[in-house]
Amino acid sequence: MVDYITRDGVALLQVNNPPVNALSHNVRAEIKNGLDEAGQDKQIKAIVISGKRSFIAGADITEFKSGSYSEWPTIIDLCDLIESSGKPVVAAIKGFALGGGHEIAISCHYRIAHEKSKFGFPEVDIGILPAAGGTQRFPRLVGLEAALDLIPSGRHIGAAQAFKLGIVDKVVRGDAVEEAVKFAKSIAGEPLVDRRTSQRPVMGAENAVSLRDAAVKLAMKKKKGMIAPIHCIKAVMGSLLPFEQGMEIEASEGFMLFTSGQMGALQYAFFAQRAAPKWSLPCGASFKTVKGRPIRNAAVIGAGTMGTGIAMAMLNAGIPVTLVEQDRKFLDKGVSLLKLLYAGSVSLRKITQDQCDAILSKLNTAVGYKSLTNVDLVIEAVYENMALKKQIFAELDRICPPETFLWTNTSALDIDEIASATRRPDKVLGTHFFVPAYHMKLLENVRGKLTSAETVASAQMFGTRIGKIPVVVGNCHGFVGNRMLHKYAHESDFLIEEGCWPEDVDMVAENFGLPLGPFKVRDLS
Ligand SMILES: CC(C)(COP(=O)(O)OP(=O)(O)OC[C@H]1O[C@@H](n2cnc3c(N)ncnc32)[C@H](O)[C@@H]1OP(=O)(O)O)[C@@H](O)C(=O)NCCC(=O)NCCSC(=O)CC(=O)CCCCCCCCCCCCC(=O)O
Ligand SMILES: NC(=O)C1=CN([C@@H]2O[C@H](COP(=O)(O)OP(=O)(O)OC[C@H]3O[C@@H](n4cnc5c(N)ncnc54)[C@H](O)[C@@H]3O)[C@@H](O)[C@H]2O)C=CC1
């Protein structure tokens with residue numbers, strides 16, 4: 001799990017624990033053994049820690065449930081051992097340095113990073129804090145302001161920004177490991193005192209109160225209902241005390257999170273989100289055995305609320321889209337809405353005007369279906385009316401090439417009945433997006449009786465490509481999402497009947513952490 005390689009006086013400890021080099025117990029034990037061996041070997045003058053393929057994505061999240069995260073050596077022990085090593089330790093970072101991986105990196109005396117590497121403390125999003133000294137060393141490395149930005153937000157940053165903040169000492173284009181080995185040889189024997197992060201003062205301490213208040217305000221706005229950001233902030237503020245006292249604060253703030261229900265729920269969600277896109281069919285086909293067909297271009301029928309949102313989701317992923325309407329007036333309305341949404345993204349600086357122009361250059365429009373003779377995929381998003389949908393599917397079946405997928409965004413109608421209007425029921429499937437379709441992550445891929453495994457695989461691959469979490473569901477009234485939403489909507493309605501105002505119900509749901517309350521969602525739909 002950790003390869004020990006010697007190179008001309010340098011010991012290279014290379015973590016090899018696929019898929020993401022998580023710091024499972026065995027990995028921690030082997031890193032410790034490697035550090036001991038390198039420390040005792042007189043021929044070794046410096047140590048490099050790296051990861052095969054990528055650096056280290058943090059603690060092994062499964063161990064928070066099993067409890068082995070706290071078995072010796074913990075990540076805290078490793079960080080202390082690395083920092084106190086008498087021989088210089090250099091982190092060679094490519095790919096991700098996240099969470100506990102980032103904590104290991106900032107405990108090293110130097111960091112060499114590939115230009116495409118990423119850094120972050122995503123702990124907050126799984127209900128915990130960087131509990132291996134991250135809340136204490138990081139402010140000492142980058143200052144209080146940057147630490148109060150990056151730890152409670154969990155935001156990832158790239159190598160260039162990491163260099164600007166002082167996280168990394170050198171950014172390289174070539175092989176980070178080779179560069180780090182070369183660098184390690186060049187600094188062997190130099191004093192390490194000022195390279196030990198825990199010994200440094202925290203910059204920005206004079207503005208501590210205003211920085212803390214701003215961080216709390218932002219966390220309450222951006223991470224509503226979550227307790228971890230506030231504990232992260234309290235722990236970071238502990239860095240203003242001597243290191244050992246700060247570590248005690250980190251441990252007590254961490255303890256409250258490690259014993260919270262939110263930690264369990266968020267970590268369940270982490271694994272559930274990754275399990276959801278995996279699928280298998282009763283015939284035995286699964287994501288392991290069937291490859292999907294890539295979508296090179298697509299059409300969307302209906303430029304209303306959902307059609308424009310679906311078109312936008314595809315355009316954002318670089319897929320050329322033809323937006324089709326029944327008449328010019330509705331088409332113009334849909335295209336204006338799309339342009340307005342993109343102009344909003346430009347004014348919010350989410351994209352540049354050039355990017356906006358490039359995206360919109362991939363949008364074509366049409367009235368009627370005659371031009372759809374060369375598309376890989378059509379997604380229908382017209383009114384929720386079975387007769388209309390069947391008529392459109394029959395016509396598309398006549399016009400589109402036989403291999404074109406014909407998918408429908410119906411909220412609740414029977415996929416098999418829609419498919420029966422075509423001669424290709426194997427290529428018909430429900431792609432149920434949620435409003436606003438360009439933003440919401442969930443995509444239900446509804447499998448009909450005759451939908452083929454290739455169609456399911458293609459829809460799942462398509463969902464991932466456009467940035468969704470695609471989930472295969474069965475064909476029944478309302479599928480899964482809407483059956484759940486119906487209960488939620490009923491309870492919200494009962495509250496109105498009992499005398500609440502819609503805005504009160506929305507406020508409670510939003511304070512709980514939902515981005516929009518149930519009545520605001522209905523206004524959007
Ligand atoms: C890394 C990623 C960005 C990669 O993304 P991508 O390529 O898209 O792959 P994914 O599909 O996301 O993942 C692939 C595969 O890997 C699995 N996986 C990913 N990350 C982890 C992980 N960290 N652990 C385990 N498994 C992981 C994922 O489930 C997939 O599996 P598959 O579905 O089976 O294929 C992306 O994966 C990502 O963002 N990962 C998460 C990164 C993260 O959150 N890192 C932080 C982890 S938490 C951490 O590091 C904690 C710490 O800093 C401190 C620990 C402190 C320990 C303290 C010692 C204890 C002392 C005692 C305290 C006493 C308290 C008490 O009383 O209890
Ligand atoms: N609005 C929502 O929140 C959600 C809606 N859906 C489903 O998505 C579908 C579309 O819903 P909305 O976008 O809300 O409807 P909408 O009323 O906003 O838009 C429908 C569009 O289809 C166009 N249209 C009608 N007949 C057409 C035809 N023959 N050819 C081309 N265009 C035609 C209309 O002119 C209109 O612009 C429905 O099946 C709905 O159930 C699914 C998820 C969420």
# chains A, B, ... in the order shown; residues from 1 in each chain; ligands from 1
>>> residues_near_ligand(ligand="ligand 2", cutoff="6 Å", atoms="only C-alpha atoms and all ligand atoms", output="list in words")
Ile301, Gly302, Ala303, Gly304, Thr305, Met306, Gly307, Val324, Glu325, Gln326, Phe330, Ala381, Val382, Tyr383, Glu384, Asn409, Thr410, Ser411, His432, Phe433, Phe434, Val435 and Ser525 of chain A
>>> residues_around(residues="region 390-396 of chain A", least_positions_apart="3", cutoff="6 Å", atoms="only C-alpha atoms", output="MDAnalysis selection string")
chainID A and resid 387 399:400 418 421:422
>>> residues_around(residues="Asp41 (chain A)", least_positions_apart="3", cutoff="12 Å", atoms="only C-alpha atoms", output="JSON, numbers by chain")
{"A": [6, 9, 10, 11, 34, 35, 36, 37, 38, 44, 45, 46, 47, 87]}
>>> atom_distance(atom1="CA of Val290 (chain A)", atom2="CA of Gln460 (chain A)")
11.0 Å
>>> select_by_dssp(residues="region 123-271 of chain A", states="helix (DSSP H, G or I)", output="ChimeraX atom specification")
/A:123-126,134-142,144-153,159-165,176-187,193-195,197-199,205-222,228-240,243-258,261-271
